[in-house]
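Reviewing the structure listed below.
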Amino acid sequence: MTTASIDQLISTLNNFRHLMPIVEFAAEKIKFTFESGNKILTAGNGGSAADALHLAEELIGRFEKNRRSLPAISLSADPTVLTCIANDYGYDNVFARQIEGLGKPGDLLIVFSTSGNSNNITRALETAKGKKMHSIALLGRNGGKANGIADISIVVPSESTARIQEIHTFVLHSWLENVEKDL
């Protein structure tokens, strides 16, 4: 990482700072989901799929301290499910179809997208809404088409995919700290 990259990251963090109340509100929604006996589903594409996997595995396993396992499923995790749905229903439906089968009212969908413009992400959010699930979208740039579909949209103010993903990791770690502190 160059000095310029570090400076960009610091600048992005400073521009993101005013959104921390929304991040904390989202953490409360995550805790409420678990306290209500519901589960979290996560989704993303590419590097955002890695973020979706990261959040789900830390909830099921642990982040920093030993605690009970929390119900979370990454919809990006199973290549047989993804390829089956993509083949039979099209890639735009790889997450929506899983939400149809796994989601229930009161569950929480968390999506990661640096652009917010992936059709499979917007369809996932719309399907979750139709199932009376709650949703959080962690986005970048201007939030794209996904901005406003989720109950809570957190948009990282940057045009750099790398900086957006770095802040997404910061946010998911913040959520995990908050969950482990209280649950």
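Starting from 1 in every chain, residues are counted up; chains themselves are A, B, ... following the order of the structure tokens, and ligands are numbered from 1 as listed.
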For the interface of segment 54-162 of chain A with segment 35-41 of chain A (cut-off 12 Å, counting only C-alpha atoms), please tabulate each contacting residue of segment 54-162 of chain A alongside its nearest pair of atoms and their separation in Å to one decimal, rows sorted by chain and increasing number, as a tab-separated table.
residue	atom	partner	partner_atom	distance
A:Leu55	CA	A:Ile40	CA	9.7
A:Ala56	CA	A:Leu41	CA	7.7
A:Glu57	CA	A:Ile40	CA	11.2
A:Glu58	CA	A:Ile40	CA	12.0
A:Leu59	CA	A:Ile40	CA	9.1
A:Ile60	CA	A:Ile40	CA	10.3
A:Ser69	CA	A:Lys39	CA	11.2
A:Leu70	CA	A:Lys39	CA	7.7
A:Pro71	CA	A:Lys39	CA	4.9
A:Ala72	CA	A:Ile40	CA	4.6
A:Ile73	CA	A:Leu41	CA	4.9
A:Ser74	CA	A:Leu41	CA	5.7
A:Leu75	CA	A:Leu41	CA	6.6
A:Ser76	CA	A:Leu41	CA	9.7
A:Ala77	CA	A:Leu41	CA	11.0
A:Phe95	CA	A:Leu41	CA	9.7
A:Ala96	CA	A:Leu41	CA	11.1
A:Gln98	CA	A:Leu41	CA	9.5
A:Ile99	CA	A:Leu41	CA	8.0
A:Glu100	CA	A:Leu41	CA	11.6
A:Gly101	CA	A:Leu41	CA	11.6
A:Leu102	CA	A:Leu41	CA	8.5
A:Gly103	CA	A:Leu41	CA	7.8
A:Lys104	CA	A:Asn38	CA	8.3
A:Pro105	CA	A:Asn38	CA	8.5
A:Gly106	CA	A:Asn38	CA	6.1
A:Asp107	CA	A:Asn38	CA	5.1
A:Leu108	CA	A:Ile40	CA	4.8
A:Leu109	CA	A:Leu41	CA	4.8
A:Ile110	CA	A:Leu41	CA	6.2
A:Val111	CA	A:Leu41	CA	8.4
A:Phe112	CA	A:Leu41	CA	11.4
A:Ala124	CA	A:Leu41	CA	10.4
A:Leu125	CA	A:Leu41	CA	11.1
A:Ala128	CA	A:Leu41	CA	9.9
A:Met133	CA	A:Ile40	CA	9.8
A:His134	CA	A:Ile40	CA	9.5
A:Ser135	CA	A:Leu41	CA	9.3
A:Ile136	CA	A:Ile40	CA	10.4
A:Ala137	CA	A:Leu41	CA	11.9
Sel. of strand (DSSP E) residues, segment 44-123 of chain A, as an MDAnalysis selection string: chainID A and resid 44 72:74 108:112
Write to file, as a PDB file, in the first residue's frame, the residues of the selection just made, with N, CA and C atoms.
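File written: out-v1.pdb
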ATOM      1  N   GLY A  44     -23.393 -11.067  -1.553  1.00  0.00           N
ATOM      2  CA  GLY A  44     -22.541 -10.136  -2.281  1.00  0.00           C
ATOM      3  C   GLY A  44     -21.894 -10.855  -3.444  1.00  0.00           C
ATOM      4  N   ALA A  72     -26.533 -17.528  11.071  1.00  0.00           N
ATOM      5  CA  ALA A  72     -26.232 -16.711   9.901  1.00  0.00           C
ATOM      6  C   ALA A  72     -25.870 -17.627   8.736  1.00  0.00           C
ATOM      7  N   ILE A  73     -26.308 -17.248   7.548  1.00  0.00           N
ATOM      8  CA  ILE A  73     -26.040 -18.021   6.334  1.00  0.00           C
ATOM      9  C   ILE A  73     -25.581 -17.059   5.249  1.00  0.00           C
ATOM     10  N   SER A  74     -24.441 -17.363   4.618  1.00  0.00           N
ATOM     11  CA  SER A  74     -24.021 -16.584   3.460  1.00  0.00           C
ATOM     12  C   SER A  74     -24.597 -17.222   2.207  1.00  0.00           C
ATOM     13  N   LEU A 108     -33.158 -11.127   8.752  1.00  0.00           N
ATOM     14  CA  LEU A 108     -32.469  -9.927   8.276  1.00  0.00           C
ATOM     15  C   LEU A 108     -31.536 -10.293   7.127  1.00  0.00           C
ATOM     16  N   LEU A 109     -31.682  -9.616   6.008  1.00  0.00           N
ATOM     17  CA  LEU A 109     -30.770  -9.757   4.873  1.00  0.00           C
ATOM     18  C   LEU A 109     -29.773  -8.611   4.923  1.00  0.00           C
ATOM     19  N   ILE A 110     -28.481  -8.955   4.843  1.00  0.00           N
ATOM     20  CA  ILE A 110     -27.426  -7.944   4.757  1.00  0.00           C
ATOM     21  C   ILE A 110     -26.700  -8.161   3.438  1.00  0.00           C
ATOM     22  N   VAL A 111     -26.718  -7.142   2.579  1.00  0.00           N
ATOM     23  CA  VAL A 111     -26.035  -7.235   1.294  1.00  0.00           C
ATOM     24  C   VAL A 111     -24.857  -6.271   1.259  1.00  0.00           C
ATOM     25  N   PHE A 112     -23.839  -6.682   0.522  1.00  0.00           N
ATOM     26  CA  PHE A 112     -22.641  -5.884   0.299  1.00  0.00           C
ATOM     27  C   PHE A 112     -22.520  -5.646  -1.200  1.00  0.00           C
TER      28      PHE A 112
END
Segment 1-161 of chain A: residues DSSP assigns to helix (DSSP H, G or I), reported as a ChimeraX atom specification: /A:3-35,47-60,79-89,91-93,96-102,119-130,144-146,161
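We find atom CA of His18 of chain A and atom CA of Phe34 of chain A to be spaced 26.7 Å apart.
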Once you count only C-alpha atoms, what closest atom pair and distance in Å to one decimal does each residue of segment 44-120 of chain A within 8 Å of segment 160-165 of chain A have, with rows by chain and rising residue number, as CSV?
residue,atom,partner,partner_atom,distance
A:Gly47,CA,A:Gln165,CA,7.6
A:Ser48,CA,A:Gln165,CA,7.4
A:Thr114,CA,A:Thr161,CA,6.2
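The gap separating atom CA of Gly140 of chain A from atom CA of Ser158 of chain A is 6.4 Å, in Å to one decimal.
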Give me the residues within 12 Å of Asn14 of chain A as an mmCIF file with N, CA and C atoms, in the first residue's frame, counting only C-alpha atoms and dropping any in the same chain fewer than 6 places off.
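For reference, around-v4.cif as written:
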data_model
loop_
_atom_site.group_PDB
_atom_site.id
_atom_site.type_symbol
_atom_site.label_atom_id
_atom_site.label_comp_id
_atom_site.auth_asym_id
_atom_site.auth_seq_id
_atom_site.Cartn_x
_atom_site.Cartn_y
_atom_site.Cartn_z
ATOM 1 N N ASP A 7 -3.408 7.730 2.599
ATOM 2 C CA ASP A 7 -4.063 9.043 2.675
ATOM 3 C C ASP A 7 -5.502 8.971 2.180
ATOM 4 N N GLN A 8 -5.741 8.203 1.089
ATOM 5 C CA GLN A 8 -7.102 8.017 0.572
ATOM 6 C C GLN A 8 -7.986 7.333 1.610
ATOM 7 N N MET A 20 -21.566 7.008 11.235
ATOM 8 C CA MET A 20 -21.459 6.041 12.334
ATOM 9 C C MET A 20 -22.763 5.862 13.120
ATOM 10 N N VAL A 156 -20.806 4.183 1.497
ATOM 11 C CA VAL A 156 -19.448 4.689 1.704
ATOM 12 C C VAL A 156 -19.169 5.752 0.641
ATOM 13 N N PRO A 157 -18.830 6.969 1.065
ATOM 14 C CA PRO A 157 -18.629 8.069 0.118
ATOM 15 C C PRO A 157 -17.265 8.006 -0.564
ATOM 16 N N SER A 158 -17.152 7.108 -1.537
ATOM 17 C CA SER A 158 -15.899 6.962 -2.283
ATOM 18 C C SER A 158 -16.203 6.378 -3.659
ATOM 19 N N ILE A 167 -13.694 0.046 4.055
ATOM 20 C CA ILE A 167 -14.682 0.580 5.004
ATOM 21 C C ILE A 167 -15.753 -0.469 5.295
#
Compile the contact shell of Leu138 of chain A as a PDB file with C-alpha atoms, in the first residue's frame: residues with an atom at most 7 Å away, counting only C-alpha atoms, same-chain residues fewer than 4 positions apart removed.
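Writing the result to result38.pdb gives the following:
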ATOM      1  CA  VAL A 111     -26.035  -7.235   1.294  1.00  0.00           C
ATOM      2  CA  PHE A 112     -22.641  -5.884   0.299  1.00  0.00           C
ATOM      3  CA  SER A 113     -22.141  -4.084  -3.024  1.00  0.00           C
ATOM      4  CA  SER A 153     -28.616   1.815   3.411  1.00  0.00           C
ATOM      5  CA  ILE A 154     -25.069   2.691   4.418  1.00  0.00           C
ATOM      6  CA  VAL A 155     -23.231   4.288   1.500  1.00  0.00           C
ATOM      7  CA  HIS A 168     -17.113  -2.335   4.547  1.00  0.00           C
TER       8      HIS A 168
END
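Using only C-alpha atoms, the nearest neighbour of His173 of chain A within the list A:Ser5, A:Leu139, A:Ala27, A:Asn15 is A:Ala27.
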